[in-house]
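target.txt, holding compact mmCIF, C-alpha atoms:
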```
# COMPACT_ATOMS: atom_id res chain seq x y z
CA MET U 22 -27.39 46.92 15.80
CA PHE U 23 -28.35 44.74 18.77
CA VAL U 24 -27.07 46.13 22.08
CA ILE U 25 -26.68 43.58 24.87
CA THR U 26 -24.59 43.22 28.04
CA SER U 27 -22.72 40.07 27.05
CA MET U 28 -23.31 36.82 25.15
CA PRO U 29 -23.18 33.84 27.53
CA VAL U 30 -24.94 30.64 26.53
CA GLY U 31 -28.40 31.71 27.68
CA GLY U 32 -31.88 31.66 26.23
CA ALA U 33 -32.10 35.24 24.98
CA GLU U 34 -28.55 35.19 23.66
CA THR U 35 -28.99 31.89 21.81
CA LEU U 36 -32.25 33.15 20.38
CA LEU U 37 -30.52 36.29 19.10
CA VAL U 38 -27.79 34.28 17.37
CA ASN U 39 -30.29 31.95 15.71
CA MET U 40 -32.37 34.89 14.54
CA MET U 41 -29.39 36.80 13.11
CA ARG U 42 -28.34 33.75 11.12
CA ARG U 43 -31.79 33.52 9.51
CA MET U 44 -32.20 37.20 8.61
CA ASP U 45 -32.30 38.12 4.94
CA PRO U 46 -29.00 39.96 4.24
CA ALA U 47 -30.71 41.87 1.45
CA VAL U 48 -32.97 43.45 4.09
CA ILE U 49 -31.07 43.35 7.39
CA ARG U 50 -27.34 43.37 8.10
CA PRO U 51 -27.17 42.54 11.82
CA GLU U 52 -24.35 43.23 14.24
CA VAL U 53 -23.91 42.97 18.00
CA VAL U 54 -22.56 45.37 20.62
CA CYS U 55 -21.71 43.80 23.99
CA LEU U 56 -21.28 46.49 26.62
CA LYS U 57 -19.07 44.11 28.61
CA GLU U 58 -17.20 40.98 27.52
CA PRO U 59 -18.38 39.19 24.35
CA GLY U 60 -18.95 35.89 26.15
CA PRO U 61 -18.79 32.44 24.52
CA LEU U 62 -21.53 33.13 21.96
CA GLY U 63 -20.10 36.53 21.09
CA GLU U 64 -16.73 34.93 20.37
CA GLN U 65 -18.40 32.16 18.40
CA ILE U 66 -20.21 34.50 15.98
CA ALA U 67 -17.41 37.04 15.58
CA GLY U 68 -16.45 35.48 12.26
CA GLU U 69 -20.03 35.77 10.96
CA PHE U 70 -21.12 39.23 12.13
CA PRO U 71 -19.48 42.44 13.38
CA VAL U 72 -19.13 42.13 17.16
CA THR U 73 -17.99 45.05 19.33
CA ALA U 74 -17.33 44.51 23.04
CA SER U 75 -15.92 46.02 26.25
CA LEU U 76 -17.44 49.51 26.05
CA LEU U 77 -18.53 49.59 29.71
CA SER U 78 -15.96 49.01 32.46
CA GLY U 79 -18.34 49.49 35.40
CA LYS U 80 -21.86 50.55 36.33
CA TRP U 81 -20.94 54.24 36.54
CA ASP U 82 -18.61 54.35 33.53
CA LEU U 83 -20.17 57.34 31.78
CA ARG U 84 -17.67 57.04 28.93
CA VAL U 85 -19.89 54.34 27.49
CA LEU U 86 -22.20 57.01 26.09
CA PRO U 87 -19.70 58.78 23.78
CA ARG U 88 -18.26 55.41 22.82
CA LEU U 89 -21.65 54.15 21.72
CA ILE U 90 -22.53 57.39 19.92
CA HIS U 91 -19.25 57.29 18.00
CA LEU U 92 -19.76 53.62 17.10
CA MET U 93 -23.33 54.10 15.90
CA ARG U 94 -22.34 57.06 13.73
CA ARG U 95 -19.31 55.25 12.34
CA ARG U 96 -21.38 52.15 11.58
CA ARG U 97 -24.19 54.36 10.19
CA SER U 98 -26.78 52.32 12.09
CA ASP U 99 -30.35 52.52 10.81
CA VAL U 100 -31.95 50.51 13.62
CA VAL U 101 -30.79 49.96 17.21
CA ILE U 102 -32.50 47.27 19.30
CA THR U 103 -31.52 46.84 22.93
CA VAL U 104 -31.89 43.28 24.25
CA GLY U 105 -33.08 43.08 27.85
CA ALA U 106 -33.49 45.71 30.54
CA GLY U 107 -30.86 47.40 32.70
CA ASP U 108 -27.78 49.33 31.52
CA LYS U 109 -27.92 48.28 27.88
CA MET U 110 -31.53 49.43 27.57
CA PHE U 111 -30.66 52.84 28.98
CA TRP U 112 -27.30 53.56 27.37
CA GLY U 113 -28.20 51.92 24.06
CA ARG U 114 -31.35 53.97 23.52
CA LEU U 115 -29.89 57.25 24.76
CA ALA U 116 -26.82 56.86 22.54
CA ALA U 117 -28.98 55.94 19.54
CA TYR U 118 -31.14 59.03 20.01
CA LEU U 119 -28.12 61.35 20.34
CA ALA U 120 -26.45 59.67 17.35
CA GLY U 121 -29.52 60.35 15.21
CA VAL U 122 -30.41 56.68 14.61
CA PRO U 123 -33.75 56.56 12.75
CA VAL U 124 -35.28 53.63 14.67
CA ILE U 125 -34.84 52.78 18.36
CA ALA U 126 -36.43 49.69 19.94
CA SER U 127 -36.15 47.55 23.06
CA ALA U 128 -36.68 43.79 23.11
CA LEU U 129 -37.54 42.50 26.58
CA HIS U 130 -37.34 38.85 27.53
CA SER U 131 -38.47 38.59 31.15
CA THR U 132 -40.59 40.25 33.80
CA GLY U 133 -39.63 41.67 37.18
CA TRP U 134 -36.32 41.47 39.03
CA PRO U 135 -33.55 41.44 37.91
CA ASP U 136 -34.88 42.62 34.55
CA GLY U 137 -37.40 45.22 35.67
CA VAL U 138 -37.35 48.27 33.45
CA GLY U 139 -36.99 50.80 36.27
CA ARG U 140 -37.57 54.53 36.53
CA LEU U 141 -34.54 55.71 34.53
CA ASN U 142 -35.41 53.49 31.58
CA ARG U 143 -39.02 54.67 31.63
CA LEU U 144 -37.74 58.24 31.20
CA LEU U 145 -36.61 57.29 27.69
CA THR U 146 -40.01 55.99 26.58
CA GLY U 147 -40.64 59.04 24.42
CA MET U 148 -37.53 58.46 22.31
CA THR U 149 -38.29 54.75 21.81
CA ASP U 150 -40.22 53.61 18.75
CA ALA U 151 -41.08 50.08 19.90
CA PHE U 152 -41.06 47.75 22.88
CA ILE U 153 -41.02 44.09 21.91
CA GLY U 154 -42.63 41.40 24.07
CA VAL U 155 -42.25 37.68 23.49
CA ALA U 156 -45.79 36.42 24.23
CA ASP U 157 -49.32 37.78 24.37
CA SER U 158 -49.41 37.95 28.17
CA HIS U 159 -45.95 39.51 28.16
CA GLY U 160 -47.24 42.26 25.88
CA GLU U 161 -50.06 42.89 28.35
CA PHE U 162 -47.47 43.09 31.14
CA LEU U 163 -45.50 45.73 29.22
CA ARG U 164 -48.64 47.81 28.74
CA GLU U 165 -50.20 47.44 32.17
CA PHE U 166 -47.26 47.08 34.58
CA GLU U 167 -44.43 48.84 32.76
CA ARG U 168 -46.93 51.43 31.44
CA PHE U 169 -45.57 51.59 27.90
CA PRO U 170 -47.94 53.18 25.34
CA ASP U 171 -50.18 50.63 23.70
CA HIS U 172 -49.21 51.65 20.16
CA LYS U 173 -45.52 51.11 20.92
CA VAL U 174 -45.87 47.56 22.27
CA HIS U 175 -45.40 44.79 19.72
CA VAL U 176 -45.50 41.04 20.38
CA ILE U 177 -43.09 38.84 18.44
CA ARG U 178 -43.25 35.32 19.82
CA ASN U 179 -40.03 33.47 20.53
CA GLY U 180 -39.26 30.79 18.00
CA VAL U 181 -36.92 27.83 17.69
CA ASP U 182 -35.39 25.97 14.79
CA CYS U 183 -37.47 22.80 14.61
CA ASP U 184 -35.01 21.33 12.11
CA ARG U 185 -32.21 21.45 14.72
CA PHE U 186 -34.24 20.61 17.80
CA VAL U 187 -35.79 17.24 17.01
CA PRO U 188 -36.51 13.99 18.85
CA ASP U 189 -33.34 11.88 18.66
CA GLN U 190 -33.11 8.36 20.07
CA SER U 191 -29.40 8.16 19.30
CA ALA U 192 -28.81 11.22 21.51
CA ARG U 193 -30.40 9.41 24.46
CA GLU U 194 -27.89 6.62 24.06
CA SER U 195 -24.78 8.68 23.35
CA VAL U 196 -25.25 11.18 26.20
CA ARG U 197 -25.68 8.42 28.77
CA GLU U 198 -22.59 6.71 27.41
CA GLU U 199 -20.66 10.00 27.58
CA LEU U 200 -21.59 10.41 31.26
CA GLY U 201 -20.77 6.81 32.09
CA LEU U 202 -24.39 6.00 32.92
CA ALA U 203 -26.38 2.88 32.22
CA ALA U 204 -28.59 2.99 29.11
CA GLU U 205 -31.77 2.82 31.21
CA THR U 206 -30.80 5.78 33.45
CA SER U 207 -33.50 8.46 33.67
CA LEU U 208 -32.35 12.01 32.89
CA ALA U 209 -33.87 15.35 33.86
CA GLY U 210 -32.18 18.60 32.90
CA ILE U 211 -32.11 22.34 32.61
CA VAL U 212 -30.49 24.73 30.13
CA ALA U 213 -30.03 28.16 31.72
CA ALA U 214 -27.33 30.60 32.75
CA LEU U 215 -26.28 29.90 36.34
CA ARG U 216 -27.80 33.05 37.81
CA SER U 217 -29.80 33.48 40.99
CA GLU U 218 -33.12 34.23 39.26
CA LYS U 219 -32.96 30.82 37.53
CA ASN U 220 -33.23 29.28 41.01
CA HIS U 221 -31.05 26.20 40.44
CA SER U 222 -30.98 25.70 44.21
CA MET U 223 -34.61 24.55 44.03
CA LEU U 224 -33.66 21.93 41.47
CA ILE U 225 -30.99 20.57 43.82
CA ASP U 226 -33.60 20.33 46.59
CA VAL U 227 -35.90 18.42 44.24
CA ALA U 228 -33.08 16.06 43.26
CA ALA U 229 -32.39 15.35 46.92
CA ARG U 230 -36.04 14.65 47.77
CA LEU U 231 -36.50 12.31 44.80
CA LYS U 232 -33.28 10.41 45.45
CA SER U 233 -34.90 7.57 47.37
CA SER U 234 -38.05 7.18 45.27
CA HIS U 235 -36.21 7.53 41.94
CA PRO U 236 -32.72 6.11 42.56
CA ASP U 237 -31.86 5.99 38.85
CA LEU U 238 -32.76 9.65 38.14
CA HIS U 239 -29.82 11.90 37.21
CA TRP U 240 -29.82 15.63 36.50
CA LEU U 241 -28.02 17.63 33.81
CA ILE U 242 -27.31 21.32 34.39
CA ILE U 243 -26.22 22.98 31.15
CA GLY U 244 -24.87 26.52 31.29
CA ASP U 245 -22.40 28.60 33.25
CA GLY U 246 -22.49 31.64 35.48
CA PRO U 247 -21.81 33.13 38.92
CA GLU U 248 -23.90 30.57 40.85
CA LYS U 249 -21.78 27.58 39.82
CA GLU U 250 -19.89 27.17 43.11
CA SER U 251 -23.08 27.59 45.14
CA ILE U 252 -24.86 24.91 43.11
CA GLU U 253 -21.94 22.51 43.47
CA ALA U 254 -21.83 23.13 47.22
CA SER U 255 -25.58 22.51 47.59
CA ALA U 256 -25.38 19.27 45.63
CA LYS U 257 -22.55 18.05 47.85
CA ARG U 258 -24.29 19.12 51.07
CA LEU U 259 -27.54 17.36 50.11
CA GLY U 260 -25.79 14.19 49.00
CA VAL U 261 -26.63 14.33 45.29
CA ALA U 262 -23.31 15.43 43.82
CA ASP U 263 -22.98 12.00 42.20
CA ARG U 264 -26.23 12.43 40.27
CA VAL U 265 -26.10 16.17 39.41
CA HIS U 266 -23.86 16.78 36.39
CA LEU U 267 -22.80 20.38 35.72
CA LEU U 268 -21.80 20.37 32.07
CA GLY U 269 -20.99 24.07 31.73
CA THR U 270 -21.21 25.83 28.38
CA ARG U 271 -22.01 23.42 25.57
CA HIS U 272 -22.57 23.89 21.85
CA ASP U 273 -24.42 20.58 21.36
CA THR U 274 -27.58 21.70 23.15
CA PRO U 275 -30.02 19.99 20.72
CA ARG U 276 -28.35 16.64 21.39
CA LEU U 277 -28.32 17.13 25.17
CA VAL U 278 -31.93 18.26 25.35
CA ALA U 279 -33.12 15.40 23.13
CA SER U 280 -31.49 12.94 25.55
CA LEU U 281 -33.74 13.98 28.46
CA ASP U 282 -36.81 12.28 29.86
CA VAL U 283 -38.05 15.56 31.34
CA PHE U 284 -36.93 19.17 30.98
CA THR U 285 -37.04 21.31 34.13
CA LEU U 286 -37.10 25.03 34.87
CA CYS U 287 -37.38 26.60 38.33
CA SER U 288 -37.05 30.29 37.46
CA LEU U 289 -38.34 33.01 39.76
CA ASN U 290 -39.26 35.12 36.71
CA GLU U 291 -39.37 34.63 32.95
CA ALA U 292 -41.34 35.78 29.94
CA SER U 293 -41.33 33.00 27.33
CA PRO U 294 -38.05 31.09 27.75
CA VAL U 295 -36.64 29.67 24.56
CA SER U 296 -35.19 26.67 26.42
CA ILE U 297 -38.71 25.38 27.07
CA LEU U 298 -39.60 25.70 23.39
CA GLU U 299 -36.42 23.84 22.44
CA ALA U 300 -37.31 21.01 24.82
CA LEU U 301 -40.83 20.74 23.43
CA ALA U 302 -39.44 20.73 19.88
CA CYS U 303 -37.28 17.77 20.91
CA GLY U 304 -40.39 15.96 22.11
CA VAL U 305 -39.43 16.31 25.79
CA PRO U 306 -42.15 17.13 28.36
CA VAL U 307 -41.51 20.06 30.70
CA VAL U 308 -42.00 20.73 34.41
CA SER U 309 -41.69 24.43 35.19
CA THR U 310 -42.58 27.05 37.73
CA ASP U 311 -45.67 29.00 36.69
CA VAL U 312 -44.12 32.40 36.02
CA GLY U 313 -44.30 34.90 33.18
CA SER U 314 -45.90 33.60 29.99
CA ILE U 315 -44.80 29.98 30.40
CA LYS U 316 -48.40 28.81 30.68
CA GLU U 317 -48.85 29.69 26.99
CA SER U 318 -46.43 26.84 26.14
CA ILE U 319 -46.87 24.37 28.98
CA LEU U 320 -50.41 23.06 28.76
CA GLU U 321 -51.20 21.29 32.02
CA GLY U 322 -51.12 17.54 31.62
CA LYS U 323 -50.65 17.80 27.84
CA THR U 324 -47.14 19.18 27.25
CA GLY U 325 -46.00 19.14 30.88
CA TYR U 326 -46.87 20.48 34.31
CA LEU U 327 -46.76 23.90 36.00
CA VAL U 328 -45.90 24.41 39.66
CA ALA U 329 -46.20 27.47 41.87
CA SER U 330 -42.94 29.37 42.31
CA GLU U 331 -40.68 27.75 44.95
CA ASP U 332 -43.16 24.94 45.68
CA VAL U 333 -40.60 22.15 46.09
CA ASP U 334 -43.15 19.49 47.13
CA GLY U 335 -45.38 20.29 44.17
CA TYR U 336 -42.37 20.19 41.86
CA CYS U 337 -41.37 16.74 43.11
CA ASP U 338 -44.90 15.48 42.50
CA ALA U 339 -44.94 16.91 38.96
CA VAL U 340 -41.60 15.30 38.03
CA ALA U 341 -42.81 11.99 39.47
CA LYS U 342 -45.98 12.19 37.35
CA VAL U 343 -43.97 12.69 34.18
CA MET U 344 -41.73 9.76 35.07
CA VAL U 345 -44.67 7.36 35.54
CA SER U 346 -44.28 5.74 32.13
CA PRO U 347 -42.40 6.13 28.83
CA GLU U 348 -45.75 6.27 26.99
CA THR U 349 -46.86 9.27 29.10
CA ARG U 350 -43.67 11.08 28.17
CA ARG U 351 -44.01 10.20 24.49
CA GLU U 352 -47.59 11.50 24.34
CA MET U 353 -46.60 14.76 26.02
CA GLY U 354 -43.57 15.05 23.78
CA ARG U 355 -45.62 14.66 20.60
CA ALA U 356 -48.10 17.28 21.76
CA GLY U 357 -45.29 19.66 22.70
CA ARG U 358 -43.54 19.42 19.35
CA GLU U 359 -46.82 19.93 17.48
CA LEU U 360 -47.49 23.06 19.57
CA VAL U 361 -44.07 24.57 18.83
CA ILE U 362 -44.31 23.86 15.10
CA ARG U 363 -47.74 25.51 15.06
CA THR U 364 -47.00 28.61 17.18
CA GLY U 365 -43.28 29.10 17.72
CA SER U 366 -41.21 28.70 14.56
CA LEU U 367 -37.92 30.52 14.20
CA GLN U 368 -38.85 31.86 10.77
CA SER U 369 -41.99 33.56 12.06
CA MET U 370 -39.89 35.33 14.70
CA VAL U 371 -37.31 36.41 12.13
CA SER U 372 -40.05 37.77 9.87
CA GLY U 373 -41.56 39.62 12.81
CA TYR U 374 -38.32 41.46 13.56
CA GLN U 375 -37.56 42.20 9.91
CA ASP U 376 -41.07 43.50 9.23
CA LEU U 377 -41.11 45.70 12.34
CA ALA U 378 -37.66 47.15 11.64
CA THR U 379 -38.46 48.00 8.01
CA LYS U 380 -41.90 49.40 8.85
CA LEU U 381 -40.50 51.74 11.51
CA TYR U 382 -37.58 52.72 9.30
CA ASP U 383 -39.87 53.55 6.38
CA ARG U 384 -41.96 55.68 8.71
CA TRP U 385 -38.93 57.93 9.24
CA VAL U 386 -37.44 57.84 5.77
CA ARG U 387 -40.60 58.44 3.75
CA PRO U 388 -41.35 61.92 5.16
CA ALA U 389 -37.79 62.97 4.43
CA THR U 390 -38.02 61.71 0.85
CA GLU U 391 -41.40 63.34 0.26
CA ALA U 392 -40.25 66.59 1.79
CA SER U 393 -37.29 66.77 -0.56
CA ALA U 394 -39.81 66.70 -3.42
CA GLY U 395 -41.89 69.43 -1.77
CA LEU U 396 -44.86 67.14 -1.10
CA VAL U 397 -45.20 67.13 2.68
CA ARG U 398 -42.59 68.90 4.79
CA THR U 399 -40.34 71.81 4.18
CA ALA U 400 -36.59 71.44 4.25
CA THR U 401 -36.58 73.47 7.43
CA GLU U 402 -38.84 70.96 9.21
CA ILE U 403 -36.62 68.07 8.22
CA ALA U 404 -33.49 69.87 9.33
CA SER U 405 -35.01 70.38 12.77
CA SER U 406 -35.07 66.60 13.44
CA PRO U 407 -31.66 65.13 14.26
CA ARG U 408 -32.89 61.62 13.53
CA LEU U 409 -34.24 62.57 10.10
CA ARG U 410 -31.14 64.59 9.41
CA LYS U 411 -28.98 61.59 10.11
CA SER U 412 -31.20 59.30 8.02
CA SER U 413 -31.12 61.63 5.04
CA ALA U 414 -27.37 62.10 5.28
CA SER U 415 -26.67 58.36 5.35
CA LYS U 416 -28.79 57.46 2.35
```
Will you turn the file into structure tokens for me?
Amino acid sequence: MFVITSMPVGGAETLLVNMMRRMDPAVIRPEVVCLKEPGPLGEQIAGEFPVTASLLSGKWDLRVLPRLIHLMRRRRSDVVITVGAGDKMFWGRLAAYLAGVPVIASALHSTGWPDGVGRLNRLLTGMTDAFIGVADSHGEFLREFERFPDHKVHVIRNGVDCDRFVPDQSARESVREELGLAAETSLAGIVAALRSEKNHSMLIDVAARLKSSHPDLHWLIIGDGPEKESIEASAKRLGVADRVHLLGTRHDTPRLVASLDVFTLCSLNEASPVSILEALACGVPVVSTDVGSIKESILEGKTGYLVASEDVDGYCDAVAKVMVSPETRREMGRAGRELVIRTGSLQSMVSGYQDLATKLYDRWVRPATEASAGLVRTATEIASSPRLRKSSASK
């Protein structure tokens, strides 16, 4: 059972859907619990997996705890994994512990605000079996900054489907035609939920500053969220509304990304964003702020360029360097795709989650089985553990 706030079209949410679809049903039967609304992706997968939503009406809705406990017991959940920090990390783990779920884990996808773990969530460290980071440096962050025990931190690198995200010349042509743009128009773009930490306002500033030097450069903003009106207002105020295209939620992301000349990300914080991996898999070079673990994927001058957070001038220079020549972009694109195929496949991520879940589950079930045969623990010892009691009763 994956516990998440909602399922908009964002990096972590898309990654979760792709992973669930690849899991071996003989080993894992995944389902999703959205504390709030299901969101576009939640609605999309409702016919494939059990999806439960609307358990939390507000930040202080304490009724979410008994609702989750009842659901986990009714669904006889063996493993609960919270996705992201905040409310779902707290309520999901506490409910799982009180419901007697054998394995409790937290998957974290970014660092710092707004996804900092916080004091209340750290209080539940003892009842958590695993904390999952998405890159090597992210794992170090979880150990050193968040102070999670070393033996509980596991790194499972984000992965993308390199059979879906591929270089596609026809996409370049069809997307420009769809937008009413000339075939030679240059396109930069971003795929991210329209939230403040994604810092779309910086991208609008960059578009405005490059307007005169790159008059044929247009920008695609793919995703939706609370910052939409602010982004539209900024584009209008800076005189680039005619070249900034807000496409909203789309389900043809591979096609849109493959149409780009350069992929852009201006986030204030990240861990290892899947959108960057998708762009590299499509053979598109990336310009990104140097936050989180992004430097593990963006190799300076080889797969793209990194810029200090909120350095608008540096960002403009980096985009201009990528746009120097088609051959420069092709070389970076080839190197980026090779890197993703080598280090960030979707199947390796799926295997990582399946292996971790089964290993932790076996760690709880085996003592109960051995104890019933009189080999290790007495029946009294097993009965004293609510999590083992639940596990034994459900098998």
Hey, can I get the axis-aligned box for range 221-233 of chain U? All listed atoms, 5 Å padding on each side, centre and edge lengths in Å to one decimal, as lines of an AutoDock Vina configuration file.
```
center_x = -33.7
center_y = 16.9
center_z = 44.1
size_x = 15.5
size_y = 28.6
size_z = 17.3
```
Please list as a tab-separated table (two decimals) with C-alpha atoms, in the coordinates of the input every residue within 12 Å of Leu377 in chain U, counting all atoms listed in the file and excluding residues in the same chain fewer than 2 positions away.
```tsv
chain	number	residue	atom	x	y	z
U	48	VAL	CA	-32.97	43.45	4.09
U	49	ILE	CA	-31.07	43.35	7.39
U	100	VAL	CA	-31.95	50.51	13.62
U	102	ILE	CA	-32.50	47.27	19.30
U	124	VAL	CA	-35.28	53.63	14.67
U	125	ILE	CA	-34.84	52.78	18.36
U	126	ALA	CA	-36.43	49.69	19.94
U	127	SER	CA	-36.15	47.55	23.06
U	128	ALA	CA	-36.68	43.79	23.11
U	150	ASP	CA	-40.22	53.61	18.75
U	151	ALA	CA	-41.08	50.08	19.90
U	152	PHE	CA	-41.06	47.75	22.88
U	153	ILE	CA	-41.02	44.09	21.91
U	173	LYS	CA	-45.52	51.11	20.92
U	174	VAL	CA	-45.87	47.56	22.27
U	175	HIS	CA	-45.40	44.79	19.72
U	176	VAL	CA	-45.50	41.04	20.38
U	177	ILE	CA	-43.09	38.84	18.44
U	370	MET	CA	-39.89	35.33	14.70
U	371	VAL	CA	-37.31	36.41	12.13
U	372	SER	CA	-40.05	37.77	9.87
U	373	GLY	CA	-41.56	39.62	12.81
U	374	TYR	CA	-38.32	41.46	13.56
U	375	GLN	CA	-37.56	42.20	9.91
U	379	THR	CA	-38.46	48.00	8.01
U	380	LYS	CA	-41.90	49.40	8.85
U	381	LEU	CA	-40.50	51.74	11.51
U	382	TYR	CA	-37.58	52.72	9.30
U	383	ASP	CA	-39.87	53.55	6.38
U	384	ARG	CA	-41.96	55.68	8.71
```
Top pick for closest residue to Leu83 in chain U, considering U:Leu37, U:Arg185, U:Trp112, U:Lys249 and counting all atoms listed in the file:
U:Trp112
Polymer residues at most 10 Å from Asp332 in chain U, only C-alpha atoms, same-chain spacing of 2 or more positions, as a VMD selection string:
chain U and resid 223 227 287 310 328 to 330 334 to 337
Extract, using only C-alpha atoms, all DNA, RNA and protein residues at most 9 Å from Met40 in chain U, discarding same-chain residues fewer than 2 positions from it, and format them as a list of chain:residue names.
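Using only C-alpha atoms, the neighbours found are U:Thr35, U:Leu36, U:Leu37, U:Val38, U:Arg42, U:Arg43, U:Met44, U:Gly180, U:Val181, U:Leu367, U:Gln368, U:Met370, U:Val371, U:Tyr374.
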Could you state the separation of CA of Ala339 in chain U and CA of Leu267 in chain U in Å, given to one decimal place?
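So the answer is 22.6 Å.
Going from CA of Gly32 in chain U to CA of Phe186 in chain U covers 14.1 Å.
Residues lying within 8 Å of range 341-355 of chain U, counting all atoms listed in the file and ignoring same-chain neighbours fewer than 6 positions away, are Asp282, Val283, Leu301, Cys303, Gly304, Val305, Pro306, Gly322, Lys323, Thr324 and Gly325 of chain U.
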What does the distance between CA of Pro188 in chain U and CA of Ser296 in chain U come to in Å, to one decimal place?
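Interatomic distance here is 14.8 Å.
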Residues within 12 Å of Ile66 in chain U, please, as an mmCIF file with C-alpha atoms, in the frame of the given file. Count only C-alpha atoms; anything in the same chain fewer than 3 positions from it doesn't count.
```
data_model
loop_
_atom_site.group_PDB
_atom_site.id
_atom_site.type_symbol
_atom_site.label_atom_id
_atom_site.label_comp_id
_atom_site.auth_asym_id
_atom_site.auth_seq_id
_atom_site.Cartn_x
_atom_site.Cartn_y
_atom_site.Cartn_z
ATOM 1 C CA MET U 28 -23.310 36.820 25.150
ATOM 2 C CA PRO U 29 -23.180 33.840 27.530
ATOM 3 C CA GLU U 34 -28.550 35.190 23.660
ATOM 4 C CA THR U 35 -28.990 31.890 21.810
ATOM 5 C CA LEU U 37 -30.520 36.290 19.100
ATOM 6 C CA VAL U 38 -27.790 34.280 17.370
ATOM 7 C CA ASN U 39 -30.290 31.950 15.710
ATOM 8 C CA MET U 41 -29.390 36.800 13.110
ATOM 9 C CA ARG U 42 -28.340 33.750 11.120
ATOM 10 C CA PRO U 51 -27.170 42.540 11.820
ATOM 11 C CA GLU U 52 -24.350 43.230 14.240
ATOM 12 C CA VAL U 53 -23.910 42.970 18.000
ATOM 13 C CA PRO U 59 -18.380 39.190 24.350
ATOM 14 C CA GLY U 60 -18.950 35.890 26.150
ATOM 15 C CA PRO U 61 -18.790 32.440 24.520
ATOM 16 C CA LEU U 62 -21.530 33.130 21.960
ATOM 17 C CA GLY U 63 -20.100 36.530 21.090
ATOM 18 C CA GLU U 69 -20.030 35.770 10.960
ATOM 19 C CA PHE U 70 -21.120 39.230 12.130
ATOM 20 C CA PRO U 71 -19.480 42.440 13.380
ATOM 21 C CA VAL U 72 -19.130 42.130 17.160
ATOM 22 C CA THR U 73 -17.990 45.050 19.330
#
```
Could you check which of U:Ile315, U:Leu144, U:Val333, U:Ala204 is closest to Gln190 in chain U, using only C-alpha atoms?
U:Ala204
Protein, DNA and RNA residues within 12 Å of (-20.9, 12.0, 24.4), only C-alpha atoms, as a ChimeraX atom specification:
/U:191-202,268,271,273-274,276-277,280
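For the residues U:Asp263, U:Asp108, U:Asp99, U:Glu359, ranking by smallest atom-to-atom distance to Ala120 in chain U using only C-alpha atoms places U:Asp99 first.
You can rank U:Ser158, U:Lys219, U:Arg97, U:Phe284 by their closest distance to Lys316 in chain U using all atoms listed in the file, and at the top of that list sits U:Ser158.
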Filtering to N, CA, C and O atoms, could range 255-264 of chain U of the supplied structure be written out as a short mmCIF file (atom, residue, chain, number, x, y, z; two decimals), in the first residue's frame?
```cif
data_model
loop_
_atom_site.label_atom_id
_atom_site.label_comp_id
_atom_site.auth_asym_id
_atom_site.auth_seq_id
_atom_site.Cartn_x
_atom_site.Cartn_y
_atom_site.Cartn_z
N SER U 255 3.14 36.54 -14.87
CA SER U 255 4.55 36.91 -15.07
C SER U 255 4.90 36.93 -16.55
O SER U 255 5.62 37.83 -17.03
N ALA U 256 4.43 35.92 -17.28
CA ALA U 256 4.72 35.87 -18.71
C ALA U 256 4.12 37.07 -19.43
O ALA U 256 4.75 37.66 -20.33
N LYS U 257 2.94 37.47 -19.04
CA LYS U 257 2.29 38.63 -19.66
C LYS U 257 3.03 39.91 -19.29
O LYS U 257 3.30 40.77 -20.14
N ARG U 258 3.41 40.04 -18.02
CA ARG U 258 4.08 41.26 -17.55
C ARG U 258 5.44 41.44 -18.21
O ARG U 258 5.85 42.57 -18.50
N LEU U 259 6.16 40.32 -18.46
CA LEU U 259 7.50 40.40 -19.04
C LEU U 259 7.48 40.32 -20.57
O LEU U 259 8.54 40.27 -21.20
N GLY U 260 6.30 40.29 -21.15
CA GLY U 260 6.20 40.33 -22.60
C GLY U 260 6.56 39.06 -23.32
O GLY U 260 6.99 39.12 -24.49
N VAL U 261 6.38 37.91 -22.68
CA VAL U 261 6.72 36.64 -23.34
C VAL U 261 5.53 35.68 -23.37
O VAL U 261 5.70 34.49 -23.60
N ALA U 262 4.34 36.21 -23.15
CA ALA U 262 3.16 35.33 -23.13
C ALA U 262 2.95 34.64 -24.47
O ALA U 262 2.37 33.55 -24.53
N ASP U 263 3.44 35.26 -25.56
CA ASP U 263 3.26 34.67 -26.88
C ASP U 263 4.23 33.55 -27.16
O ASP U 263 4.08 32.82 -28.15
N ARG U 264 5.25 33.39 -26.33
CA ARG U 264 6.24 32.34 -26.55
C ARG U 264 6.35 31.37 -25.37
O ARG U 264 7.21 30.49 -25.39
#
```
